[in-house]
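Shown below: protein.cif, with mmCIF, C-alpha atoms.
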data_model
loop_
_atom_site.label_atom_id
_atom_site.label_comp_id
_atom_site.auth_asym_id
_atom_site.auth_seq_id
_atom_site.Cartn_x
_atom_site.Cartn_y
_atom_site.Cartn_z
CA GLN B 1 8.46 -15.18 -6.71
CA GLN B 2 7.05 -11.68 -6.41
CA GLN B 3 4.19 -12.72 -4.15
CA VAL B 4 3.68 -12.05 -0.49
CA LYS B 5 1.32 -14.53 1.15
CA GLN B 6 -0.61 -13.39 4.21
CA SER B 7 -2.63 -15.34 6.75
CA PRO B 8 -5.15 -15.58 8.24
CA GLN B 9 -7.69 -13.86 6.03
CA SER B 10 -9.71 -12.87 9.09
CA LEU B 11 -9.09 -12.90 12.82
CA ILE B 12 -11.30 -12.41 15.86
CA VAL B 13 -9.59 -11.59 19.16
CA GLN B 14 -10.93 -10.69 22.59
CA LYS B 15 -10.05 -7.31 24.06
CA GLY B 16 -6.71 -7.55 25.82
CA GLY B 17 -5.59 -10.54 23.78
CA ILE B 18 -2.71 -10.90 21.33
CA SER B 19 -3.37 -10.64 17.59
CA ILE B 20 -0.88 -12.42 15.34
CA ILE B 21 -0.75 -12.04 11.55
CA ASN B 22 1.76 -13.90 9.40
CA CYS B 23 3.36 -13.27 6.03
CA ALA B 24 5.71 -15.29 3.83
CA TYR B 25 7.74 -14.30 0.81
CA GLU B 26 9.96 -15.95 -1.79
CA ASN B 27 12.14 -13.22 -3.22
CA THR B 28 15.37 -12.91 -1.24
CA ALA B 29 16.00 -9.50 -2.85
CA PHE B 30 13.29 -7.94 -0.68
CA ASP B 31 14.92 -5.59 1.81
CA TYR B 32 12.08 -3.70 3.47
CA PHE B 33 8.97 -5.13 5.13
CA PRO B 34 6.26 -2.71 6.30
CA TRP B 35 2.88 -3.32 7.87
CA TYR B 36 -0.06 -1.08 7.06
CA GLN B 37 -3.36 -0.58 8.87
CA GLN B 38 -6.42 0.35 6.85
CA PHE B 39 -9.81 1.45 8.12
CA PRO B 40 -12.90 1.29 5.85
CA GLY B 41 -12.96 4.16 3.37
CA LYS B 42 -9.42 5.27 4.25
CA GLY B 43 -5.97 4.83 2.73
CA PRO B 44 -3.44 2.44 4.33
CA ALA B 45 -1.47 3.96 7.21
CA LEU B 46 2.13 2.88 7.83
CA LEU B 47 2.21 1.11 11.19
CA ILE B 48 5.68 -0.35 11.61
CA ALA B 49 8.43 -1.65 9.34
CA ILE B 50 11.53 -3.83 9.55
CA ARG B 51 14.65 -4.57 7.52
CA PRO B 52 16.17 -8.06 7.24
CA ASP B 53 19.23 -7.22 9.34
CA VAL B 54 17.18 -7.36 12.56
CA SER B 55 14.94 -10.13 13.91
CA GLU B 56 12.48 -8.04 15.89
CA LYS B 57 11.22 -4.48 16.11
CA LYS B 58 8.82 -3.15 18.71
CA GLU B 59 6.85 0.08 18.72
CA GLY B 60 4.38 0.39 21.56
CA ARG B 61 1.92 -2.51 21.39
CA PHE B 62 3.07 -3.51 17.89
CA THR B 63 5.95 -5.92 17.26
CA ILE B 64 7.34 -7.33 14.02
CA SER B 65 9.16 -10.65 14.22
CA PHE B 66 11.35 -11.47 11.23
CA ASN B 67 12.77 -14.87 10.29
CA LYS B 68 15.14 -14.40 7.37
CA SER B 69 15.99 -18.08 6.91
CA ALA B 70 12.32 -19.07 6.78
CA LYS B 71 11.42 -15.98 4.70
CA GLN B 72 8.58 -15.18 7.08
CA PHE B 73 7.59 -12.20 9.16
CA SER B 74 4.71 -11.54 11.49
CA LEU B 75 2.89 -8.73 13.26
CA HIS B 76 1.99 -9.09 16.91
CA ILE B 77 -0.52 -6.69 18.48
CA MET B 78 -0.35 -6.91 22.26
CA ASP B 79 -3.29 -5.95 24.49
CA SER B 80 -5.56 -5.72 21.44
CA GLN B 81 -8.27 -3.04 21.65
CA PRO B 82 -11.57 -2.60 19.78
CA GLY B 83 -10.01 0.47 18.11
CA ASP B 84 -7.47 -1.89 16.50
CA SER B 85 -10.28 -3.44 14.44
CA ALA B 86 -9.18 -2.82 10.86
CA THR B 87 -7.62 -4.58 7.88
CA TYR B 88 -3.87 -5.15 8.13
CA PHE B 89 -1.58 -5.58 5.16
CA CYS B 90 1.98 -6.79 5.09
CA ALA B 91 4.16 -5.69 2.21
CA ALA B 92 7.66 -6.11 0.83
CA LYS B 93 9.97 -4.00 -1.31
CA GLY B 94 12.92 -5.06 -3.40
CA ASN B 95 16.31 -3.37 -3.32
CA GLN B 96 15.67 -1.67 -6.65
CA GLY B 97 12.81 0.74 -7.20
CA GLY B 98 9.95 1.71 -4.96
CA LYS B 99 7.39 -0.97 -5.75
CA LEU B 100 5.64 -2.31 -2.67
CA ILE B 101 4.14 -5.79 -3.03
CA PHE B 102 1.22 -6.30 -0.68
CA GLY B 103 -0.29 -9.35 0.92
CA GLN B 104 -4.02 -10.02 0.58
CA GLY B 105 -4.87 -8.48 3.93
CA THR B 106 -6.20 -9.68 7.30
CA GLU B 107 -9.46 -8.35 8.66
CA LEU B 108 -9.02 -8.05 12.43
CA SER B 109 -11.99 -7.75 14.75
CA VAL B 110 -11.35 -7.13 18.45
CA LYS B 111 -14.37 -7.96 20.58
CA PRO B 112 -15.00 -5.97 23.78
CA GLU F 113 3.15 19.17 7.74
CA THR F 114 0.52 18.41 5.10
CA GLY F 115 -0.17 14.76 4.33
CA VAL F 116 -0.93 13.20 0.96
CA THR F 117 -4.15 14.51 -0.56
CA GLN F 118 -6.15 13.10 -3.48
CA SER F 119 -9.03 14.35 -5.56
CA PRO F 120 -11.75 13.67 -6.26
CA THR F 121 -12.95 11.47 -3.40
CA HIS F 122 -15.45 9.56 -5.51
CA LEU F 123 -16.04 9.33 -9.23
CA ILE F 124 -18.53 7.50 -11.42
CA LYS F 125 -17.69 6.98 -15.09
CA THR F 126 -19.11 5.01 -17.98
CA ARG F 127 -17.22 2.22 -19.76
CA GLY F 128 -15.07 3.64 -22.55
CA GLN F 129 -14.64 7.06 -20.96
CA GLN F 130 -11.40 8.57 -19.73
CA VAL F 131 -10.59 9.70 -16.17
CA THR F 132 -7.93 11.81 -14.48
CA LEU F 133 -7.12 11.43 -10.80
CA ARG F 134 -4.94 13.88 -8.88
CA CYS F 135 -2.50 13.60 -6.00
CA SER F 136 -0.53 16.10 -3.95
CA SER F 137 2.44 14.57 -2.19
CA GLN F 138 3.37 15.06 1.44
CA SER F 139 5.46 18.16 2.04
CA GLY F 140 9.05 17.58 0.92
CA HIS F 141 8.36 14.23 -0.75
CA ASN F 142 9.46 14.16 -4.38
CA THR F 143 8.47 10.60 -5.30
CA VAL F 144 4.90 9.53 -6.00
CA SER F 145 3.58 6.01 -6.49
CA TRP F 146 0.13 4.97 -7.65
CA TYR F 147 -1.68 1.80 -6.59
CA GLN F 148 -4.99 0.17 -7.50
CA GLN F 149 -6.90 -1.55 -4.71
CA ALA F 150 -9.81 -3.75 -5.75
CA LEU F 151 -12.43 -4.54 -3.13
CA GLY F 152 -11.13 -7.02 -0.58
CA GLN F 153 -7.62 -7.07 -2.07
CA GLY F 154 -4.25 -5.58 -1.29
CA PRO F 155 -3.03 -2.58 -3.29
CA GLN F 156 -1.39 -3.34 -6.66
CA PHE F 157 1.48 -1.15 -7.87
CA ILE F 158 0.70 0.78 -11.05
CA PHE F 159 3.79 3.01 -11.42
CA GLN F 160 6.07 5.45 -9.67
CA TYR F 161 7.24 8.94 -10.62
CA TYR F 162 10.46 10.61 -9.55
CA ARG F 163 11.69 13.94 -10.91
CA GLU F 164 8.82 13.98 -13.40
CA GLU F 165 9.92 10.67 -14.98
CA GLU F 166 8.32 7.24 -14.68
CA ASN F 167 10.53 5.20 -12.37
CA GLY F 168 9.08 1.71 -12.45
CA ARG F 169 5.82 0.24 -13.66
CA GLY F 170 3.65 -2.65 -12.57
CA ASN F 171 1.65 -5.03 -14.72
CA PHE F 172 -0.87 -2.51 -16.05
CA PRO F 173 -1.69 -1.78 -19.72
CA PRO F 174 -0.55 1.42 -21.49
CA ARG F 175 -4.01 2.98 -21.13
CA PHE F 176 -2.88 3.69 -17.55
CA SER F 177 -0.56 6.68 -17.77
CA GLY F 178 0.71 9.33 -15.44
CA LEU F 179 2.41 12.64 -15.00
CA GLN F 180 4.40 14.33 -12.29
CA PHE F 181 4.69 18.10 -12.09
CA PRO F 182 7.59 20.28 -10.88
CA ASN F 183 5.81 20.76 -7.53
CA TYR F 184 5.82 16.91 -7.17
CA SER F 185 2.06 16.59 -7.53
CA SER F 186 0.91 13.85 -9.88
CA GLU F 187 -1.92 12.70 -12.12
CA LEU F 188 -3.12 9.23 -13.04
CA ASN F 189 -4.94 8.99 -16.35
CA VAL F 190 -6.93 5.97 -17.42
CA ASN F 191 -8.27 5.75 -20.97
CA ALA F 192 -10.97 3.49 -22.39
CA LEU F 193 -12.32 2.59 -18.96
CA GLU F 194 -13.38 -0.99 -18.35
CA LEU F 195 -15.72 -2.34 -15.67
CA ASP F 196 -12.72 -4.03 -13.96
CA ASP F 197 -11.13 -0.62 -13.46
CA SER F 198 -13.60 -0.01 -10.65
CA ALA F 199 -11.39 0.22 -7.56
CA LEU F 200 -9.86 2.50 -4.96
CA TYR F 201 -6.90 4.34 -6.48
CA LEU F 202 -4.23 5.22 -3.97
CA CYS F 203 -1.38 7.63 -4.22
CA ALA F 204 1.66 7.33 -1.96
CA SER F 205 4.54 9.72 -1.52
CA SER F 206 8.06 9.07 -0.32
CA LEU F 207 11.56 10.44 -0.23
CA PRO F 208 14.22 8.70 -2.32
CA GLY F 209 16.71 7.07 -0.05
CA SER F 210 14.13 6.75 2.71
CA GLY F 211 14.41 3.02 2.31
CA GLY F 212 10.88 2.42 1.20
CA GLU F 213 8.64 4.39 3.57
CA GLN F 214 5.55 5.31 1.58
CA TYR F 215 2.72 7.38 2.97
CA PHE F 216 -0.69 6.93 1.41
CA GLY F 217 -3.46 9.36 0.69
CA PRO F 218 -7.15 8.60 1.33
CA GLY F 219 -7.70 7.37 -2.22
CA THR F 220 -10.19 8.02 -5.00
CA ARG F 221 -13.06 5.55 -5.32
CA LEU F 222 -13.71 5.01 -9.05
CA THR F 223 -16.84 3.23 -10.18
CA VAL F 224 -17.18 2.29 -13.85
CA THR F 225 -20.69 1.44 -15.04
#
Would you mind writing the file out in structure tokens?
Amino acid sequence: QQQVKQSPQSLIVQKGGISIINCAYENTAFDYFPWYQQFPGKGPALLIAIRPDVSEKKEGRFTISFNKSAKQFSLHIMDSQPGDSATYFCAAKGNQGGKLIFGQGTELSVKP
Amino acid sequence: ETGVTQSPTHLIKTRGQQVTLRCSSQSGHNTVSWYQQALGQGPQFIFQYYREEENGRGNFPPRFSGLQFPNYSSELNVNALELDDSALYLCASSLPGSGGEQYFGPGTRLTVT
């Protein structure tokens, strides 16, 4: 019940295309859902986050869609660029404590 | 504003040894969390420190211990190192009441031989 399942494991997208990464969770006590971007040899960088009281949040080319009833959320990267090539992690946090539970990651490659 | 910093960058230890990793939190952040990231995996929560007290712990054995200092910096200590402890150790800082926003440092790459 504490797991966050992420798919796909890897993704190849053409420059200018849309990258879509999906996550699913079981624990309805989760109340915060961030996405992190990680480049090789670096720590994860907070990209965008959403709370379950909204269904969508957009920041620049990055959008989170949230479906509370299905317990799923996804990251959309519009107009994907080669510089977006990185590993993306979804995560979830419960309403008690600061523990973030991460998905397994998606390795995104954007081809020029 | 200074981000989260960690030291050392890389470390090689022998099985059975002990190691101490250090973290300085982002300016103004008084909560520090530690995560272990094995190769090709997502980070796994080790524990969190707030006001120098442990404030939540993940599924890690007692040989993983920590400290937080009055200036909010933190240490992660691992005793009796095992080969499976080889990983990237990440520190993240946050503000209580921020709703969960955690900002990660660059990590310490630990190799146990």
With 4 Å added on each side, what axis-aligned box encloses every listed atom of segment 56-70 of chain B? Give the centre and edge lengths in Å to one decimal, as lines of an AutoDock Vina configuration file.
center_x = 9.0
center_y = -9.3
center_z = 14.2
size_x = 22.1
size_y = 27.5
size_z = 22.8
Spatial neighbours of Pro174 of chain F, 10 Å, all atoms listed in the file, chain gap at least 3 places, as a list in words: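 Near Pro174 of chain F, the qualifying residues are Asn171, Ser177, Val190 and Asn191 of chain F.
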Target residues per the PyMOL selection byres ((chain F and resi 189) around 7), formatted as a PyMOL selection string: chain F and resi 131-133+176-178+187-188+190-191
Within 12 Å of chain F: residues of chain B, using only C-alpha atoms, as a PyMOL selection string: chain B and resi 2-6+9-10+30-51+87-107
9 Å contact set for segment 192-196 of chain F, only C-alpha atoms, chain neighbours under 6 positions out, as an MDAnalysis selection string: chainID F and resid 125:131 150 175 223:225
Would you mind exporting the chosen residues as a short mmCIF file (atom, residue, chain, number, x, y, z; two decimals), keeping the file's coordinate frame, restricted to C-alpha atoms?
data_model
loop_
_atom_site.label_atom_id
_atom_site.label_comp_id
_atom_site.auth_asym_id
_atom_site.auth_seq_id
_atom_site.Cartn_x
_atom_site.Cartn_y
_atom_site.Cartn_z
CA LYS F 125 -17.69 6.98 -15.09
CA THR F 126 -19.11 5.01 -17.98
CA ARG F 127 -17.22 2.22 -19.76
CA GLY F 128 -15.07 3.64 -22.55
CA GLN F 129 -14.64 7.06 -20.96
CA GLN F 130 -11.40 8.57 -19.73
CA VAL F 131 -10.59 9.70 -16.17
CA ALA F 150 -9.81 -3.75 -5.75
CA ARG F 175 -4.01 2.98 -21.13
CA THR F 223 -16.84 3.23 -10.18
CA VAL F 224 -17.18 2.29 -13.85
CA THR F 225 -20.69 1.44 -15.04
#
Distance query Phe62 of chain B at most 9 Å, all atoms listed in the file, self and fewer than 3 positions along chain excluded, as a ChimeraX atom specification: /B:47-48,57-59,75-78
The PyMOL selection byres ((chain B and resi 73) around 8) applied to the shown file, residues as JSON, numbers by chain: {"B": [22, 23, 24, 64, 65, 66, 67, 71, 72, 74, 75]}
Length of the atom CA of His141 of chain F to atom CA of Leu207 of chain F vector [Å]: 5.0 Å
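The closest residue to Pro173 of chain F, picked from F:Ser186, F:Leu222, F:Leu123, F:Asp197 and counting all atoms listed in the file, is F:Asp197.
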Distance of atom CA of Gly83 of chain B from atom CA of Gln14 of chain B, expressed in Å to one decimal place: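 Interatomic distance here is 12.1 Å.
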Coordinates-based distance that separates atom CA of Ser136 of chain F from atom CA of Pro120 of chain F (Å, one decimal):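 Separation of atom CA of Pro120 of chain F and atom CA of Ser136 of chain F: 11.7 Å.
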Neighbours of point (-4.8, -6.3, 23.4) within 12 Å, using all atoms listed in the file, written as a list in words: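 Final list of nearby residues, as requested, is Ile12, Val13, Gln14, Lys15, Gly16, Gly17, Ile18, Ser19, Ile20, Gly60, Arg61, Phe62, His76, Ile77, Met78, Asp79, Ser80, Gln81, Pro82, Gly83, Asp84, Ser85, Leu108, Ser109, Val110, Lys111 and Pro112 of chain B.
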Output file for the selection above: C-alpha atoms, as a compact mmCIF listing (two decimals), in the frame of the given file:
# COMPACT_ATOMS: atom_id res chain seq x y z
CA ILE B 12 -11.30 -12.41 15.86
CA VAL B 13 -9.59 -11.59 19.16
CA GLN B 14 -10.93 -10.69 22.59
CA LYS B 15 -10.05 -7.31 24.06
CA GLY B 16 -6.71 -7.55 25.82
CA GLY B 17 -5.59 -10.54 23.78
CA ILE B 18 -2.71 -10.90 21.33
CA SER B 19 -3.37 -10.64 17.59
CA ILE B 20 -0.88 -12.42 15.34
CA GLY B 60 4.38 0.39 21.56
CA ARG B 61 1.92 -2.51 21.39
CA PHE B 62 3.07 -3.51 17.89
CA HIS B 76 1.99 -9.09 16.91
CA ILE B 77 -0.52 -6.69 18.48
CA MET B 78 -0.35 -6.91 22.26
CA ASP B 79 -3.29 -5.95 24.49
CA SER B 80 -5.56 -5.72 21.44
CA GLN B 81 -8.27 -3.04 21.65
CA PRO B 82 -11.57 -2.60 19.78
CA GLY B 83 -10.01 0.47 18.11
CA ASP B 84 -7.47 -1.89 16.50
CA SER B 85 -10.28 -3.44 14.44
CA LEU B 108 -9.02 -8.05 12.43
CA SER B 109 -11.99 -7.75 14.75
CA VAL B 110 -11.35 -7.13 18.45
CA LYS B 111 -14.37 -7.96 20.58
CA PRO B 112 -15.00 -5.97 23.78
Matched chain/residue IDs from the PyMOL selection byres ((chain F and resi 181) around 10), as a list in words: Ser136, Asn142, Tyr161, Tyr162, Arg163, Glu164, Glu165, Leu179, Gln180, Pro182, Asn183, Tyr184, Ser185, Ser186 and Glu187 of chain F
